[in-house]
Amino acid sequence: MERKLSPATIVLYVVLGILVILYLMPAYMALVTALKSPAEISLPTAWEWPSVINWSSFSEALDLLKPNLVNSLILTVCATALSTVLGSLNGYVFSKWTFRGSEIIFTLFLFGMFIPYQVILIPLFQTLRAMNLYGGLPGLILAHVVYGLPITSLIFRNFYAQIPTALIESARLDGAGFFSIYTRVVFPLSIPGFVVTSLWQFTQIWNEFLWGITLTRHSENPITVGLAQLAGGQAVSWNLPMAGSILAAIPVLLIYVFLGRYFIRGLLAGSVKG
Amino acid sequence: MREVSRDRIKAFLTLLPSIVLIGIFVYGFIGNTIWISLTDWGGVGALAEDPQISYIGFQNYVDLFTGFLEGRFRQDLVNAVYYSVLLLAGAVGLGMFIAILLDRKPMGEDFLRTIFLYPMSLSFIVSGTIWRWLLAPQGGVNILPTYAGMEPLSFQWLASKESVLLFNWQNLLGIILYIAAFILIIVGLLGLKRDPNRAMKRWILPGVIIGAIVWLFGDLLPQAMIMEEMHGLNLATLGIILATVWQYSGYTMALYLAGFNGISQDLRHAAMLDGASEWDYYRRIAIPMLKPITISAVIILSHISLKMFDLIFAMTGPDNAETGHPALNMYLTTFRANDFAKGAAIAIVLFMVAAMFIIPYLISSYRQQKGE
């Protein structure tokens with residue numbers, strides 16, 4: 001398309017430019033504040049670039065948040081792997097082995113995605129206590145796997161709907177059964193589905209806070225809880241919370257920047273009906 | 001044939017563990033929370049081995065909606081409703097606006113989309129921590145105008161004690177009926193073109209009648225409380241709304257952009273040939289076509305705003321009454337005050353409000369799938 005510099009185009013770019021600045025402002029603020037020494041941080045000069053760049057806030061925040069980062073890493077990797085594998089199997093059944101009532105079951109699954117989690121929090125807390133899982137990571141992993149099932153099953157079901165049924169039929173005529181069709185035909189085609197689903201689950205679980213604060217004891221707190229505690233005091237020097245925020249954001253931001261396409265597909269799968 | 005039926009059994013058995021887990025952890029737990037909300041479980045011995053629990057019916061709900069001590073909950077609930085409505089308006093409006101801009105395919109579209117969407121990948125705790133600093137009274141956003149040579153703002157973003165759009169909780173019943181009448185009339189007006197007769201009879205007329213009755217005889221309606229109690233939108237919540245719109249407008253943008261890209265360019269060219277302007281194209285063709293996307297966005301965003309916990313926790317801490325939300329109130333009531341029964345009742349109220357949006361949505365999407 002030929003582009004002319006008409007007034008409308010100029011207005012378009014000016015408006016977009018202003019919006020870009022507005023959207024980047026919080027990130028800029030976090031970075032400048034994290035790079036200042038505590039003595040240099042003051043409200044009237046909050047927007048100004050530091051006179052001396054001070055990287056030590058990052059190593060200090062890393063020291064404080066290291067246990068939380070390790071907890072979150074274990075939690076996120078385990079829960080993502082389990083819920084993605086289960087979601088794949090469920091999606092396979094929901095799209096290729098439908099039975100009477102499977103659509104109703106699927107809709108009942110989806111409902112679990114839309115409940116405010118406060119409504120299951122008290123029984124979840126009690127159940128984990130009764131199972132001796134309260135306070136530690138295994139209990140939190142269990143919660144994330146179970147409540148992750150609706151979205152992972154949904155993404156895989158819609159993904160597998162694109163695999164032609166004829167492919168399944170011909171494998172069946174060749175004598176393949178339920179599991180061998182999965183391992184030989186469906187699974188090899190599933191790589192993009194696994195990428196989309198596991199990225200989605202990774203960011204969701206990494207960012208989760210409500211269960212982290214109510215279901216784990218101090219030594220097992222995930223990163224979100226650690227960061228909230230770091231930033232929560234009244235007399236905080238703001239360089240540490242900002243450096244901590246950047247550290248907590250880096251894993252998901254990396255995913256988003258480098259694998260953004262897949263992230264957006266997960267995001268759309270969660271809302272647009274397939 | 002026997003092979004196939006054995007495979008069907010295998011398929012069902014594969015699904016079975018998930019069915020059991022969802023059955024227990026979603027439906028069983030919701031049932032359990034409903035039961036807890038009908039008891040008096042709480043107090044000092046609440047976490048003992050075998051706490052004393054007795055059934056007290058709907059007393060917790062009666063307390064929450066009409067009791068003297070629970071004014072904080074009612075204010076939180078009113079605030080959360082205003083918060084949801086403003087978040088929806090802000091995030092859908094801004095997201096749609098940016099999507100329309102990007103739909104004109106400016107240079108660097110991919111880069112721009114990345115910028116508008118990155119806040120969505122962050123944790124609410126991260127964005128809340130940053131926004132708390134941005135909204136500090138004498139710094140951040142408030143001093144931005146000074147860089148353009150203007151006076152600094154002095155708004156107390158997260159601590160303002162002012163509230164607006166106040167109403168008297170005593171008149172709750174009347175207000176609910178007014179809202180019902182308003183919705184009926186709006187639905188009727190929207191359907192007026194398609195089927196005027198039906199719209200008049202089924203929607204507008206009942207709406208007008210309900211509205212008129214409340215207006216004329218509102219004084220006779222039973223009052224929710226003995227004392228006057230005013231509730232409204234706390235202006236401190238505007239800071240939370242600002243941060244949430246920043247974080248979620250990119251999400252609605254991505255939804256609309258995917259929708260716009262799905263519309264055939266031929267349709268656009270045809271509209272232009274017929275003399276439609278760009279504005280007409282979006283208003284009369286593109287946006288009406290994307291009604292399912294608008295519905296999805298409304299459902300997801302209202303779900304997010306109804307359970308909003310992390311962002312407020314990070315921006316003001318859980319105890320700040322000016323930015324209260326039932327989700328935080330539930331946490332404090334349950335895990336700080338050990339009043340499990342009342343916490344359960346608050347959770348059920350939140351759940352009911354959310355269910356009003358979700359259940360119709362799921363039923364319609366189920367029907368569509370069956371129809372395919």
# chains A, B, ... in the order shown; residues from 1 in each chain; ligands from 1

$ residues_around --residues "stretch 192-199 of chain A" --least-positions-apart "3" --cutoff "8 Å" --atoms "only C-alpha atoms" --output "number ranges by chain"
A: 80-81, 84, 88, 152, 155-156, 159, 189, 202-203, 255, 262-263, 265-266

$ interface_residues --of "chain A" --to "chain B" --cutoff "6 Å" --atoms "only C-alpha atoms" --output "list in words"
Leu43, Pro44, Asn90, Val93, Gly112, Pro116, Gln118, Val119, Ile120, Pro123, Phe178, Asn207, Ser245 and Ser271 of chain A

$ write_last_selection --atoms "N, CA and C atoms" --output "short mmCIF file (atom, residue, chain, number, x, y, z; two decimals), in the first residue's frame"
data_model
loop_
_atom_site.label_atom_id
_atom_site.label_comp_id
_atom_site.auth_asym_id
_atom_site.auth_seq_id
_atom_site.Cartn_x
_atom_site.Cartn_y
_atom_site.Cartn_z
N LEU A 43 10.55 12.04 46.26
CA LEU A 43 9.35 12.18 45.45
C LEU A 43 9.47 13.22 44.34
N PRO A 44 9.97 14.44 44.63
CA PRO A 44 9.99 15.46 43.56
C PRO A 44 10.88 15.09 42.37
N ASN A 90 -7.11 -34.80 28.35
CA ASN A 90 -8.52 -34.44 28.41
C ASN A 90 -8.99 -33.85 27.09
N VAL A 93 -9.66 -36.52 24.55
CA VAL A 93 -10.95 -37.19 24.74
C VAL A 93 -12.09 -36.26 24.34
N GLY A 112 -15.41 -24.12 36.21
CA GLY A 112 -14.35 -24.05 37.22
C GLY A 112 -13.32 -22.97 36.94
N PRO A 116 -14.89 -17.11 41.25
CA PRO A 116 -13.93 -16.38 42.07
C PRO A 116 -13.34 -17.38 43.09
N GLN A 118 -12.14 -17.28 45.87
CA GLN A 118 -12.51 -17.15 47.29
C GLN A 118 -13.55 -18.20 47.68
N VAL A 119 -14.38 -18.59 46.71
CA VAL A 119 -15.50 -19.47 47.05
C VAL A 119 -15.05 -20.90 47.34
N ILE A 120 -13.83 -21.28 46.95
CA ILE A 120 -13.35 -22.61 47.29
C ILE A 120 -12.19 -22.57 48.29
N PRO A 123 -12.70 -24.54 52.02
CA PRO A 123 -12.58 -26.00 51.93
C PRO A 123 -11.21 -26.46 51.43
N PHE A 178 -6.79 -46.51 21.43
CA PHE A 178 -6.91 -45.19 22.05
C PHE A 178 -5.54 -44.57 22.35
N ASN A 207 2.50 -15.86 38.54
CA ASN A 207 1.93 -14.60 39.00
C ASN A 207 0.91 -14.75 40.12
N SER A 245 10.55 -6.11 41.98
CA SER A 245 9.48 -6.22 40.97
C SER A 245 10.07 -6.62 39.62
N SER A 271 -10.66 -16.98 25.95
CA SER A 271 -11.83 -16.12 25.94
C SER A 271 -12.71 -16.28 24.71
#

$ residues_around --residues "B:Arg198" --least-positions-apart "6" --cutoff "9 Å" --atoms "only C-alpha atoms" --output "list in words"
Gly188, Gly191 and Leu192 of chain B

$ closest_residue --among "B:Arg283, B:Lys291, B:Lys342, B:His325" --to "B:Tyr82" --atoms "only C-alpha atoms"
B:His325

$ closest_residue --among "A:Asn239, A:Lys96, A:Thr9, A:Ile104" --to "A:Pro50" --atoms "only C-alpha atoms"
A:Asn239

$ select_by_dssp --residues "stretch 68-279 of chain B" --states "strand (DSSP E or B)" --output "ChimeraX atom specification"
/B:163-168,230-234

$ select_by_dssp --residues "stretch 177-261 of chain B" --states "helix (DSSP H, G or I)" --output "PyMOL selection string"
chain B and resi 177-191+196-220+237-261

$ write_last_selection --atoms "C-alpha atoms" --output "mmCIF file, in the first residue's frame"
data_model
loop_
_atom_site.group_PDB
_atom_site.id
_atom_site.type_symbol
_atom_site.label_atom_id
_atom_site.label_comp_id
_atom_site.auth_asym_id
_atom_site.auth_seq_id
_atom_site.Cartn_x
_atom_site.Cartn_y
_atom_site.Cartn_z
ATOM 1 C CA LEU B 177 -35.929 -2.307 41.220
ATOM 2 C CA TYR B 178 -34.880 0.931 39.495
ATOM 3 C CA ILE B 179 -31.842 -0.846 38.032
ATOM 4 C CA ALA B 180 -34.064 -3.733 36.882
ATOM 5 C CA ALA B 181 -36.466 -1.259 35.240
ATOM 6 C CA PHE B 182 -33.561 0.539 33.579
ATOM 7 C CA ILE B 183 -32.134 -2.710 32.172
ATOM 8 C CA LEU B 184 -35.567 -3.782 30.888
ATOM 9 C CA ILE B 185 -36.069 -0.462 29.099
ATOM 10 C CA ILE B 186 -32.567 -0.524 27.580
ATOM 11 C CA VAL B 187 -33.011 -4.099 26.325
ATOM 12 C CA GLY B 188 -36.375 -3.071 24.897
ATOM 13 C CA LEU B 189 -34.940 -0.014 23.120
ATOM 14 C CA LEU B 190 -32.153 -2.125 21.615
ATOM 15 C CA GLY B 191 -34.671 -4.637 20.293
ATOM 16 C CA PRO B 196 -41.184 -3.371 17.904
ATOM 17 C CA ASN B 197 -44.256 -5.191 19.145
ATOM 18 C CA ARG B 198 -42.355 -7.728 21.211
ATOM 19 C CA ALA B 199 -39.901 -5.166 22.530
ATOM 20 C CA MET B 200 -42.754 -2.963 23.759
ATOM 21 C CA LYS B 201 -44.713 -5.765 25.394
ATOM 22 C CA ARG B 202 -41.910 -7.832 26.883
ATOM 23 C CA TRP B 203 -39.349 -5.218 27.889
ATOM 24 C CA ILE B 204 -40.272 -1.539 27.745
ATOM 25 C CA LEU B 205 -43.753 -1.716 29.239
ATOM 26 C CA PRO B 206 -42.779 -3.819 32.303
ATOM 27 C CA GLY B 207 -39.730 -1.595 32.768
ATOM 28 C CA VAL B 208 -41.801 1.584 32.737
ATOM 29 C CA ILE B 209 -44.407 0.065 35.063
ATOM 30 C CA ILE B 210 -41.808 -1.091 37.610
ATOM 31 C CA GLY B 211 -40.051 2.265 37.464
ATOM 32 C CA ALA B 212 -43.318 4.182 37.911
ATOM 33 C CA ILE B 213 -44.462 2.032 40.826
ATOM 34 C CA VAL B 214 -41.152 2.482 42.676
ATOM 35 C CA TRP B 215 -41.223 6.203 41.958
ATOM 36 C CA LEU B 216 -44.803 6.595 43.230
ATOM 37 C CA PHE B 217 -44.876 4.132 46.099
ATOM 38 C CA GLY B 218 -41.161 3.767 46.927
ATOM 39 C CA ASP B 219 -41.780 4.970 50.485
ATOM 40 C CA LEU B 220 -43.889 1.895 51.180
ATOM 41 C CA THR B 237 -10.524 3.494 44.163
ATOM 42 C CA LEU B 238 -9.744 5.599 41.075
ATOM 43 C CA GLY B 239 -6.062 4.787 41.598
ATOM 44 C CA ILE B 240 -6.824 1.071 41.539
ATOM 45 C CA ILE B 241 -9.002 1.517 38.451
ATOM 46 C CA LEU B 242 -6.229 3.426 36.680
ATOM 47 C CA ALA B 243 -3.726 0.627 37.347
ATOM 48 C CA THR B 244 -6.177 -2.090 36.280
ATOM 49 C CA VAL B 245 -7.080 -0.285 33.057
ATOM 50 C CA TRP B 246 -3.358 0.089 32.292
ATOM 51 C CA GLN B 247 -2.905 -3.631 32.827
ATOM 52 C CA TYR B 248 -5.984 -4.956 31.028
ATOM 53 C CA SER B 249 -6.766 -2.568 28.156
ATOM 54 C CA GLY B 250 -4.090 -4.362 26.111
ATOM 55 C CA TYR B 251 -6.029 -7.560 26.621
ATOM 56 C CA THR B 252 -9.243 -6.163 25.128
ATOM 57 C CA MET B 253 -7.094 -4.609 22.394
ATOM 58 C CA ALA B 254 -5.731 -8.073 21.502
ATOM 59 C CA LEU B 255 -9.272 -9.507 21.434
ATOM 60 C CA TYR B 256 -10.615 -6.775 19.148
ATOM 61 C CA LEU B 257 -7.549 -6.826 16.938
ATOM 62 C CA ALA B 258 -7.956 -10.568 16.379
ATOM 63 C CA GLY B 259 -11.599 -9.874 15.591
ATOM 64 C CA PHE B 260 -10.872 -7.041 13.133
ATOM 65 C CA ASN B 261 -8.298 -9.203 11.371
#

$ residues_around --residues "A:Gly212" --least-positions-apart "4" --cutoff "8 Å" --atoms "only C-alpha atoms" --output "PyMOL selection string"
chain A and resi 140+208+216+221-222+224-225

$ atom_distance --atom1 "atom CA of B:Ile287" --atom2 "atom CA of A:Ala8"
21.3 Å

$ residues_around --residues "stretch 61-73 of chain A" --least-positions-apart "5" --cutoff "8 Å" --atoms "only C-alpha atoms" --output "PyMOL selection string"
chain A and resi 137+206+219-223+225-227+240-241+243-244+247-248

$ atom_distance --atom1 "atom CA of A:Glu48" --atom2 "atom CA of B:Gln156"
22.1 Å

$ atom_distance --atom1 "atom CA of B:Ile312" --atom2 "atom CA of B:Gly324"
8.1 Å

$ decode --residues "stretch 56-72 of chain A" --atoms "all heavy atoms" --output "PDB file, in the first residue's frame"
ATOM      1  N   SER A  56      23.492  -2.192  43.001  1.00  0.00           N
ATOM      2  CA  SER A  56      23.505  -3.081  44.161  1.00  0.00           C
ATOM      3  C   SER A  56      22.102  -3.439  44.661  1.00  0.00           C
ATOM      4  O   SER A  56      21.928  -4.449  45.337  1.00  0.00           O
ATOM      5  CB  SER A  56      24.318  -2.466  45.296  1.00  0.00           C
ATOM      6  OG  SER A  56      23.656  -1.311  45.748  1.00  0.00           O
ATOM      7  N   SER A  57      21.083  -2.604  44.325  1.00  0.00           N
ATOM      8  CA  SER A  57      19.721  -2.956  44.752  1.00  0.00           C
ATOM      9  C   SER A  57      19.303  -4.304  44.200  1.00  0.00           C
ATOM     10  O   SER A  57      18.592  -5.063  44.861  1.00  0.00           O
ATOM     11  CB  SER A  57      18.729  -1.904  44.273  1.00  0.00           C
ATOM     12  OG  SER A  57      19.153  -0.636  44.651  1.00  0.00           O
ATOM     13  N   PHE A  58      19.769  -4.597  42.978  1.00  0.00           N
ATOM     14  CA  PHE A  58      19.369  -5.864  42.364  1.00  0.00           C
ATOM     15  C   PHE A  58      19.951  -7.052  43.118  1.00  0.00           C
ATOM     16  O   PHE A  58      19.245  -8.021  43.393  1.00  0.00           O
ATOM     17  CB  PHE A  58      19.781  -5.904  40.892  1.00  0.00           C
ATOM     18  CG  PHE A  58      18.895  -5.086  40.019  1.00  0.00           C
ATOM     19  CD1 PHE A  58      19.251  -3.805  39.662  1.00  0.00           C
ATOM     20  CD2 PHE A  58      17.676  -5.588  39.575  1.00  0.00           C
ATOM     21  CE1 PHE A  58      18.414  -3.036  38.865  1.00  0.00           C
ATOM     22  CE2 PHE A  58      16.831  -4.827  38.770  1.00  0.00           C
ATOM     23  CZ  PHE A  58      17.212  -3.549  38.425  1.00  0.00           C
ATOM     24  N   SER A  59      21.262  -6.950  43.471  1.00  0.00           N
ATOM     25  CA  SER A  59      21.841  -8.102  44.171  1.00  0.00           C
ATOM     26  C   SER A  59      21.260  -8.214  45.584  1.00  0.00           C
ATOM     27  O   SER A  59      21.026  -9.312  46.082  1.00  0.00           O
ATOM     28  CB  SER A  59      23.368  -7.993  44.210  1.00  0.00           C
ATOM     29  OG  SER A  59      23.734  -6.757  44.752  1.00  0.00           O
ATOM     30  N   GLU A  60      20.966  -7.051  46.195  1.00  0.00           N
ATOM     31  CA  GLU A  60      20.369  -7.084  47.525  1.00  0.00           C
ATOM     32  C   GLU A  60      18.967  -7.707  47.475  1.00  0.00           C
ATOM     33  O   GLU A  60      18.617  -8.564  48.287  1.00  0.00           O
ATOM     34  CB  GLU A  60      20.261  -5.649  48.046  1.00  0.00           C
ATOM     35  CG  GLU A  60      20.559  -5.483  49.518  1.00  0.00           C
ATOM     36  CD  GLU A  60      20.496  -4.006  49.896  1.00  0.00           C
ATOM     37  OE1 GLU A  60      21.211  -3.196  49.244  1.00  0.00           O
ATOM     38  OE2 GLU A  60      19.714  -3.671  50.791  1.00  0.00           O
ATOM     39  N   ALA A  61      18.157  -7.283  46.486  1.00  0.00           N
ATOM     40  CA  ALA A  61      16.812  -7.841  46.333  1.00  0.00           C
ATOM     41  C   ALA A  61      16.885  -9.330  46.002  1.00  0.00           C
ATOM     42  O   ALA A  61      16.084 -10.134  46.494  1.00  0.00           O
ATOM     43  CB  ALA A  61      16.041  -7.092  45.248  1.00  0.00           C
ATOM     44  N   LEU A  62      17.884  -9.694  45.190  1.00  0.00           N
ATOM     45  CA  LEU A  62      18.031 -11.106  44.823  1.00  0.00           C
ATOM     46  C   LEU A  62      18.335 -11.947  46.054  1.00  0.00           C
ATOM     47  O   LEU A  62      17.780 -13.040  46.232  1.00  0.00           O
ATOM     48  CB  LEU A  62      19.133 -11.256  43.774  1.00  0.00           C
ATOM     49  CG  LEU A  62      19.309 -12.670  43.207  1.00  0.00           C
ATOM     50  CD1 LEU A  62      18.053 -13.115  42.495  1.00  0.00           C
ATOM     51  CD2 LEU A  62      20.488 -12.724  42.244  1.00  0.00           C
ATOM     52  N   ASP A  63      19.203 -11.428  46.936  1.00  0.00           N
ATOM     53  CA  ASP A  63      19.502 -12.148  48.177  1.00  0.00           C
ATOM     54  C   ASP A  63      18.242 -12.374  48.997  1.00  0.00           C
ATOM     55  O   ASP A  63      17.997 -13.457  49.516  1.00  0.00           O
ATOM     56  CB  ASP A  63      20.505 -11.347  49.020  1.00  0.00           C
ATOM     57  CG  ASP A  63      21.933 -11.602  48.558  1.00  0.00           C
ATOM     58  OD1 ASP A  63      22.124 -12.582  47.819  1.00  0.00           O
ATOM     59  OD2 ASP A  63      22.825 -10.813  48.914  1.00  0.00           O
ATOM     60  N   LEU A  64      17.440 -11.304  49.108  1.00  0.00           N
ATOM     61  CA  LEU A  64      16.240 -11.391  49.939  1.00  0.00           C
ATOM     62  C   LEU A  64      15.200 -12.318  49.318  1.00  0.00           C
ATOM     63  O   LEU A  64      14.476 -13.020  50.029  1.00  0.00           O
ATOM     64  CB  LEU A  64      15.629 -10.001  50.120  1.00  0.00           C
ATOM     65  CG  LEU A  64      16.385  -9.057  51.061  1.00  0.00           C
ATOM     66  CD1 LEU A  64      15.877  -7.626  50.906  1.00  0.00           C
ATOM     67  CD2 LEU A  64      16.207  -9.516  52.502  1.00  0.00           C
ATOM     68  N   LEU A  65      15.097 -12.294  47.990  1.00  0.00           N
ATOM     69  CA  LEU A  65      14.005 -13.020  47.331  1.00  0.00           C
ATOM     70  C   LEU A  65      14.419 -14.393  46.811  1.00  0.00           C
ATOM     71  O   LEU A  65      13.595 -15.108  46.259  1.00  0.00           O
ATOM     72  CB  LEU A  65      13.446 -12.179  46.170  1.00  0.00           C
ATOM     73  CG  LEU A  65      12.759 -10.878  46.558  1.00  0.00           C
ATOM     74  CD1 LEU A  65      12.368 -10.087  45.318  1.00  0.00           C
ATOM     75  CD2 LEU A  65      11.517 -11.151  47.402  1.00  0.00           C
ATOM     76  N   LYS A  66      15.691 -14.753  46.983  1.00  0.00           N
ATOM     77  CA  LYS A  66      16.159 -16.003  46.395  1.00  0.00           C
ATOM     78  C   LYS A  66      15.321 -17.214  46.809  1.00  0.00           C
ATOM     79  O   LYS A  66      14.895 -17.994  45.946  1.00  0.00           O
ATOM     80  CB  LYS A  66      17.635 -16.231  46.711  1.00  0.00           C
ATOM     81  CG  LYS A  66      18.292 -17.220  45.758  1.00  0.00           C
ATOM     82  CD  LYS A  66      19.696 -17.538  46.207  1.00  0.00           C
ATOM     83  CE  LYS A  66      20.727 -16.857  45.340  1.00  0.00           C
ATOM     84  NZ  LYS A  66      22.069 -16.938  45.920  1.00  0.00           N
ATOM     85  N   PRO A  67      15.028 -17.383  48.137  1.00  0.00           N
ATOM     86  CA  PRO A  67      14.217 -18.557  48.511  1.00  0.00           C
ATOM     87  C   PRO A  67      12.857 -18.555  47.814  1.00  0.00           C
ATOM     88  O   PRO A  67      12.380 -19.601  47.376  1.00  0.00           O
ATOM     89  CB  PRO A  67      14.036 -18.409  50.029  1.00  0.00           C
ATOM     90  CG  PRO A  67      15.000 -17.383  50.459  1.00  0.00           C
ATOM     91  CD  PRO A  67      15.387 -16.554  49.288  1.00  0.00           C
ATOM     92  N   ASN A  68      12.250 -17.362  47.688  1.00  0.00           N
ATOM     93  CA  ASN A  68      10.947 -17.269  47.046  1.00  0.00           C
ATOM     94  C   ASN A  68      11.042 -17.601  45.557  1.00  0.00           C
ATOM     95  O   ASN A  68      10.159 -18.272  45.003  1.00  0.00           O
ATOM     96  CB  ASN A  68      10.375 -15.854  47.192  1.00  0.00           C
ATOM     97  CG  ASN A  68      10.304 -15.411  48.642  1.00  0.00           C
ATOM     98  OD1 ASN A  68      11.004 -14.499  49.049  1.00  0.00           O
ATOM     99  ND2 ASN A  68       9.493 -16.091  49.428  1.00  0.00           N
ATOM    100  N   LEU A  69      12.106 -17.141  44.924  1.00  0.00           N
ATOM    101  CA  LEU A  69      12.278 -17.437  43.496  1.00  0.00           C
ATOM    102  C   LEU A  69      12.439 -18.938  43.282  1.00  0.00           C
ATOM    103  O   LEU A  69      11.854 -19.509  42.356  1.00  0.00           O
ATOM    104  CB  LEU A  69      13.484 -16.683  42.936  1.00  0.00           C
ATOM    105  CG  LEU A  69      13.285 -15.178  42.725  1.00  0.00           C
ATOM    106  CD1 LEU A  69      14.613 -14.468  42.500  1.00  0.00           C
ATOM    107  CD2 LEU A  69      12.361 -14.918  41.547  1.00  0.00           C
ATOM    108  N   VAL A  70      13.219 -19.578  44.180  1.00  0.00           N
ATOM    109  CA  VAL A  70      13.401 -21.029  44.059  1.00  0.00           C
ATOM    110  C   VAL A  70      12.069 -21.746  44.253  1.00  0.00           C
ATOM    111  O   VAL A  70      11.696 -22.623  43.460  1.00  0.00           O
ATOM    112  CB  VAL A  70      14.451 -21.525  45.077  1.00  0.00           C
ATOM    113  CG1 VAL A  70      14.512 -23.043  45.088  1.00  0.00           C
ATOM    114  CG2 VAL A  70      15.814 -20.939  44.758  1.00  0.00           C
ATOM    115  N   ASN A  71      11.311 -21.342  45.297  1.00  0.00           N
ATOM    116  CA  ASN A  71       9.993 -21.945  45.513  1.00  0.00           C
ATOM    117  C   ASN A  71       9.116 -21.795  44.285  1.00  0.00           C
ATOM    118  O   ASN A  71       8.460 -22.751  43.856  1.00  0.00           O
ATOM    119  CB  ASN A  71       9.280 -21.260  46.692  1.00  0.00           C
ATOM    120  CG  ASN A  71       9.893 -21.624  48.023  1.00  0.00           C
ATOM    121  OD1 ASN A  71      10.548 -22.654  48.137  1.00  0.00           O
ATOM    122  ND2 ASN A  71       9.701 -20.786  49.014  1.00  0.00           N
ATOM    123  N   SER A  72       9.074 -20.588  43.741  1.00  0.00           N
ATOM    124  CA  SER A  72       8.198 -20.341  42.600  1.00  0.00           C
ATOM    125  C   SER A  72       8.624 -21.171  41.399  1.00  0.00           C
ATOM    126  O   SER A  72       7.781 -21.647  40.644  1.00  0.00           O
ATOM    127  CB  SER A  72       8.217 -18.856  42.222  1.00  0.00           C
ATOM    128  OG  SER A  72       7.191 -18.190  42.889  1.00  0.00           O
TER     129      SER A  72
END
